[in-house]
$ cat data.csv   # CSV, C-alpha atoms
chain,number,residue,atom,x,y,z
A,41,MET,CA,-11.4,13.8,-37.0
A,42,VAL,CA,-13.5,10.8,-36.1
A,43,ASN,CA,-13.1,9.2,-39.4
A,44,HIS,CA,-9.3,9.6,-39.6
A,45,PRO,CA,-7.8,6.3,-40.8
A,46,ASN,CA,-5.1,6.3,-38.1
A,47,ARG,CA,-7.1,7.5,-35.1
A,48,GLY,CA,-6.6,4.2,-33.2
A,49,TRP,CA,-2.8,4.1,-33.7
A,50,ARG,CA,-2.1,3.8,-29.9
A,51,SER,CA,-4.0,0.5,-29.7
A,52,ARG,CA,-1.4,-1.0,-32.1
A,53,TRP,CA,1.5,-0.5,-29.6
A,54,THR,CA,2.7,-2.1,-26.4
A,55,VAL,CA,5.2,-0.3,-24.3
A,56,ASP,CA,7.5,-2.1,-21.8
A,57,LEU,CA,9.0,0.6,-19.6
A,58,GLU,CA,11.3,-1.9,-17.8
A,59,ALA,CA,12.7,-3.2,-21.1
A,60,ALA,CA,12.6,0.3,-22.6
A,61,THR,CA,10.8,-1.0,-25.7
A,62,ALA,CA,7.8,-0.1,-27.8
A,63,THR,CA,6.4,-3.0,-29.9
A,64,HIS,CA,4.0,-2.6,-32.8
A,65,ILE,CA,1.6,-5.3,-33.8
A,66,ASP,CA,3.2,-5.5,-37.3
A,67,GLY,CA,6.5,-6.6,-35.7
A,68,TRP,CA,8.4,-3.3,-35.3
A,69,VAL,CA,10.3,-3.1,-32.0
A,70,PHE,CA,12.1,0.1,-30.9
A,71,ARG,CA,14.5,0.3,-27.9
A,72,PHE,CA,15.0,3.6,-26.1
A,73,ALA,CA,18.0,4.7,-24.1
A,74,PRO,CA,18.9,8.1,-22.5
A,75,ALA,CA,20.6,10.4,-25.0
A,76,ALA,CA,24.2,10.9,-24.2
A,77,ASP,CA,24.3,14.6,-25.2
A,78,GLN,CA,20.9,15.8,-24.0
A,79,PRO,CA,19.8,15.3,-20.4
A,80,GLY,CA,16.2,14.0,-20.2
A,81,ALA,CA,16.1,13.1,-23.9
A,82,PHE,CA,15.9,9.6,-25.3
A,83,ASP,CA,17.3,8.0,-28.5
A,84,GLY,CA,15.2,5.3,-30.2
A,85,GLU,CA,16.6,2.5,-32.3
A,86,CYS,CA,14.7,0.0,-34.4
A,87,ILE,CA,15.8,-3.4,-33.2
A,88,THR,CA,13.3,-5.6,-35.0
A,89,HIS,CA,11.2,-5.1,-38.1
A,90,PRO,CA,8.5,-7.1,-40.0
A,91,GLU,CA,9.8,-10.0,-42.1
A,92,PRO,CA,9.9,-9.9,-45.0
A,93,LEU,CA,10.4,-6.2,-45.1
A,94,THR,CA,8.2,-5.1,-48.0
A,95,THR,CA,7.9,-1.9,-50.0
A,96,LEU,CA,4.7,-1.1,-48.0
A,97,HIS,CA,6.6,-1.5,-44.7
A,98,MET,CA,9.3,0.8,-46.0
A,99,ARG,CA,6.7,3.5,-46.9
A,100,LYS,CA,5.3,3.3,-43.4
A,101,ALA,CA,8.7,3.2,-41.6
A,102,ALA,CA,8.9,7.0,-40.9
A,103,ARG,CA,5.4,7.1,-39.5
A,104,VAL,CA,6.0,4.0,-37.4
A,105,ALA,CA,9.2,5.4,-36.0
A,106,ARG,CA,7.4,8.7,-35.1
A,107,GLU,CA,4.6,6.7,-33.4
A,108,ALA,CA,7.1,4.7,-31.4
A,109,GLY,CA,8.7,7.9,-30.1
A,110,ASP,CA,5.3,9.4,-29.3
A,111,ILE,CA,4.0,6.3,-27.5
A,112,TRP,CA,7.2,6.0,-25.5
A,113,ILE,CA,6.9,9.6,-24.3
A,114,GLU,CA,3.3,9.1,-23.4
A,115,ALA,CA,4.0,6.0,-21.4
A,116,ARG,CA,6.9,7.6,-19.5
A,117,HIS,CA,4.7,10.6,-18.7
A,118,ALA,CA,1.8,8.4,-17.6
A,119,ARG,CA,4.1,6.5,-15.2
A,120,HIS,CA,5.0,9.7,-13.3
$ encode --input "data.csv" --output "structure tokens"
Amino acid sequence: MVNHPNRGWRSRWTVDLEAATATHIDGWVFRFAPAADQPGAFDGECITHPEPLTTLHMRKAARVAREAGDIWIEARHARH
């Protein structure tokens, strides 16, 4: 899928493993912490979002949250 409009999504993210955050160029920041009830799993929380939060941002929110989780997992696996 060379022409897929979202093929370069990884380049829009920066992961800080020490701070346990994933930051998107649009201003979304997700913090990750070990899940209390599932060993080895992580919970993500949106701690910052674009301002002003527009309807367009809200339509993209689910995708952005999924990407944050995916990029966090990739970064953690690449570290080991």
$ residues_around --input "data.csv" --residues "Asp83 of chain A" --least-positions-apart "4" --cutoff "8 Å" --atoms "only C-alpha atoms" --output "PyMOL selection string"
chain A and resi 72-75
$ atom_distance --input "data.csv" --atom1 "atom CA of Gly84 of chain A" --atom2 "atom CA of Arg116 of chain A"
13.7 Å
$ closest_residue --input "data.csv" --among "A:His64, A:Arg99, A:His117, A:Arg71" --to "Trp49 of chain A" --atoms "all atoms listed in the file"
A:His64
$ atom_distance --input "data.csv" --atom1 "atom CA of Glu107 of chain A" --atom2 "atom CA of Ala59 of chain A"
17.7 Å
$ atom_distance --input "data.csv" --atom1 "atom CA of Ile65 of chain A" --atom2 "atom CA of Met98 of chain A"
15.7 Å
$ residues_around --input "data.csv" --residues "segment 108-112 of chain A" --least-positions-apart "4" --cutoff "8 Å" --atoms "all atoms listed in the file" --output "list in words"
Arg50, Trp53, Val55, Thr61, Ala62, Thr63, Phe70, Gly84, Val104 and Arg116 of chain A
$ closest_residue --input "data.csv" --among "A:Ala60, A:Ile113, A:Trp68, A:Ala102" --to "Ile87 of chain A" --atoms "all atoms listed in the file"
A:Trp68
$ axis_aligned_box --input "data.csv" --around "segment 45-57 of chain A" --padding-each-side "8 Å" --output "AutoDock Vina command-line options"
--center_x 0.6 --center_y 2.7 --center_z -30.2 --size_x 32.8 --size_y 25.6 --size_z 37.2
$ decode --input "data.csv" --residues "chain A" --atoms "C-alpha atoms" --output "PDB file, in the first residue's frame"
ATOM      1  CA  MET A  41       0.000   0.000   0.000  1.00  0.00           C
ATOM      2  CA  VAL A  42       2.540   2.531  -1.073  1.00  0.00           C
ATOM      3  CA  ASN A  43      -0.062   5.223  -1.627  1.00  0.00           C
ATOM      4  CA  HIS A  44      -1.879   4.782   1.685  1.00  0.00           C
ATOM      5  CA  PRO A  45      -2.380   8.274   3.173  1.00  0.00           C
ATOM      6  CA  ASN A  46      -1.236   7.197   6.644  1.00  0.00           C
ATOM      7  CA  ARG A  47       1.809   5.130   5.677  1.00  0.00           C
ATOM      8  CA  GLY A  48       4.268   7.476   7.397  1.00  0.00           C
ATOM      9  CA  TRP A  49       2.420   7.678  10.721  1.00  0.00           C
ATOM     10  CA  ARG A  50       5.469   6.595  12.765  1.00  0.00           C
ATOM     11  CA  SER A  51       7.414   9.688  11.713  1.00  0.00           C
ATOM     12  CA  ARG A  52       4.793  11.870  13.438  1.00  0.00           C
ATOM     13  CA  TRP A  53       5.597  10.402  16.868  1.00  0.00           C
ATOM     14  CA  THR A  54       8.377  10.810  19.410  1.00  0.00           C
ATOM     15  CA  VAL A  55       8.693   8.294  22.223  1.00  0.00           C
ATOM     16  CA  ASP A  56      10.475   9.020  25.500  1.00  0.00           C
ATOM     17  CA  LEU A  57      10.916   5.697  27.273  1.00  0.00           C
ATOM     18  CA  GLU A  58      12.330   7.334  30.406  1.00  0.00           C
ATOM     19  CA  ALA A  59       9.326   9.637  30.775  1.00  0.00           C
ATOM     20  CA  ALA A  60       6.984   6.884  29.496  1.00  0.00           C
ATOM     21  CA  THR A  61       5.388   9.206  26.947  1.00  0.00           C
ATOM     22  CA  ALA A  62       4.508   9.241  23.266  1.00  0.00           C
ATOM     23  CA  THR A  63       4.134  12.686  21.677  1.00  0.00           C
ATOM     24  CA  HIS A  64       2.461  13.421  18.338  1.00  0.00           C
ATOM     25  CA  ILE A  65       3.449  16.423  16.210  1.00  0.00           C
ATOM     26  CA  ASP A  66      -0.142  17.738  16.470  1.00  0.00           C
ATOM     27  CA  GLY A  67       0.226  18.137  20.236  1.00  0.00           C
ATOM     28  CA  TRP A  68      -1.210  14.887  21.588  1.00  0.00           C
ATOM     29  CA  VAL A  69       0.790  13.412  24.490  1.00  0.00           C
ATOM     30  CA  PHE A  70       0.076  10.014  26.023  1.00  0.00           C
ATOM     31  CA  ARG A  71       1.618   8.728  29.251  1.00  0.00           C
ATOM     32  CA  PHE A  72       1.983   5.004  29.843  1.00  0.00           C
ATOM     33  CA  ALA A  73       2.112   3.106  33.138  1.00  0.00           C
ATOM     34  CA  PRO A  74       2.089  -0.586  34.011  1.00  0.00           C
ATOM     35  CA  ALA A  75      -1.463  -1.943  34.237  1.00  0.00           C
ATOM     36  CA  ALA A  76      -2.407  -2.835  37.791  1.00  0.00           C
ATOM     37  CA  ASP A  77      -4.390  -5.946  36.891  1.00  0.00           C
ATOM     38  CA  GLN A  78      -2.344  -7.404  34.012  1.00  0.00           C
ATOM     39  CA  PRO A  79       1.378  -8.110  34.440  1.00  0.00           C
ATOM     40  CA  GLY A  80       3.355  -6.936  31.424  1.00  0.00           C
ATOM     41  CA  ALA A  81       0.511  -4.766  30.096  1.00  0.00           C
ATOM     42  CA  PHE A  82       0.425  -0.969  30.035  1.00  0.00           C
ATOM     43  CA  ASP A  83      -2.352   1.585  30.348  1.00  0.00           C
ATOM     44  CA  GLY A  84      -2.159   4.775  28.298  1.00  0.00           C
ATOM     45  CA  GLU A  85      -3.635   8.124  29.259  1.00  0.00           C
ATOM     46  CA  CYS A  86      -3.950  11.250  27.134  1.00  0.00           C
ATOM     47  CA  ILE A  87      -2.323  14.003  29.186  1.00  0.00           C
ATOM     48  CA  THR A  88      -2.189  16.747  26.536  1.00  0.00           C
ATOM     49  CA  HIS A  89      -4.192  17.393  23.387  1.00  0.00           C
ATOM     50  CA  PRO A  90      -4.129  20.022  20.632  1.00  0.00           C
ATOM     51  CA  GLU A  91      -5.538  23.427  21.514  1.00  0.00           C
ATOM     52  CA  PRO A  92      -8.094  24.404  20.486  1.00  0.00           C
ATOM     53  CA  LEU A  93      -9.569  20.912  20.322  1.00  0.00           C
ATOM     54  CA  THR A  94     -11.507  21.021  17.059  1.00  0.00           C
ATOM     55  CA  THR A  95     -14.083  18.667  15.573  1.00  0.00           C
ATOM     56  CA  LEU A  96     -11.374  17.382  13.229  1.00  0.00           C
ATOM     57  CA  HIS A  97      -9.164  16.508  16.220  1.00  0.00           C
ATOM     58  CA  MET A  98     -12.046  14.669  17.869  1.00  0.00           C
ATOM     59  CA  ARG A  99     -12.668  12.631  14.702  1.00  0.00           C
ATOM     60  CA  LYS A 100      -8.997  11.592  14.721  1.00  0.00           C
ATOM     61  CA  ALA A 101      -8.788  10.913  18.472  1.00  0.00           C
ATOM     62  CA  ALA A 102      -9.418   7.154  18.346  1.00  0.00           C
ATOM     63  CA  ARG A 103      -6.825   6.650  15.611  1.00  0.00           C
ATOM     64  CA  VAL A 104      -4.292   8.830  17.421  1.00  0.00           C
ATOM     65  CA  ALA A 105      -4.815   6.877  20.655  1.00  0.00           C
ATOM     66  CA  ARG A 106      -4.325   3.573  18.839  1.00  0.00           C
ATOM     67  CA  GLU A 107      -1.177   4.890  17.161  1.00  0.00           C
ATOM     68  CA  ALA A 108       0.163   6.035  20.534  1.00  0.00           C
ATOM     69  CA  GLY A 109      -0.250   2.545  21.937  1.00  0.00           C
ATOM     70  CA  ASP A 110       1.286   0.951  18.855  1.00  0.00           C
ATOM     71  CA  ILE A 111       4.323   3.243  18.798  1.00  0.00           C
ATOM     72  CA  TRP A 112       4.836   2.765  22.557  1.00  0.00           C
ATOM     73  CA  ILE A 113       4.860  -1.032  22.144  1.00  0.00           C
ATOM     74  CA  GLU A 114       7.251  -0.810  19.179  1.00  0.00           C
ATOM     75  CA  ALA A 115       9.649   1.441  21.090  1.00  0.00           C
ATOM     76  CA  ARG A 116       9.641  -0.832  24.144  1.00  0.00           C
ATOM     77  CA  HIS A 117      10.311  -3.909  22.018  1.00  0.00           C
ATOM     78  CA  ALA A 118      13.097  -2.158  20.087  1.00  0.00           C
ATOM     79  CA  ARG A 119      14.769  -1.290  23.389  1.00  0.00           C
ATOM     80  CA  HIS A 120      15.122  -4.956  24.382  1.00  0.00           C
TER      81      HIS A 120
END
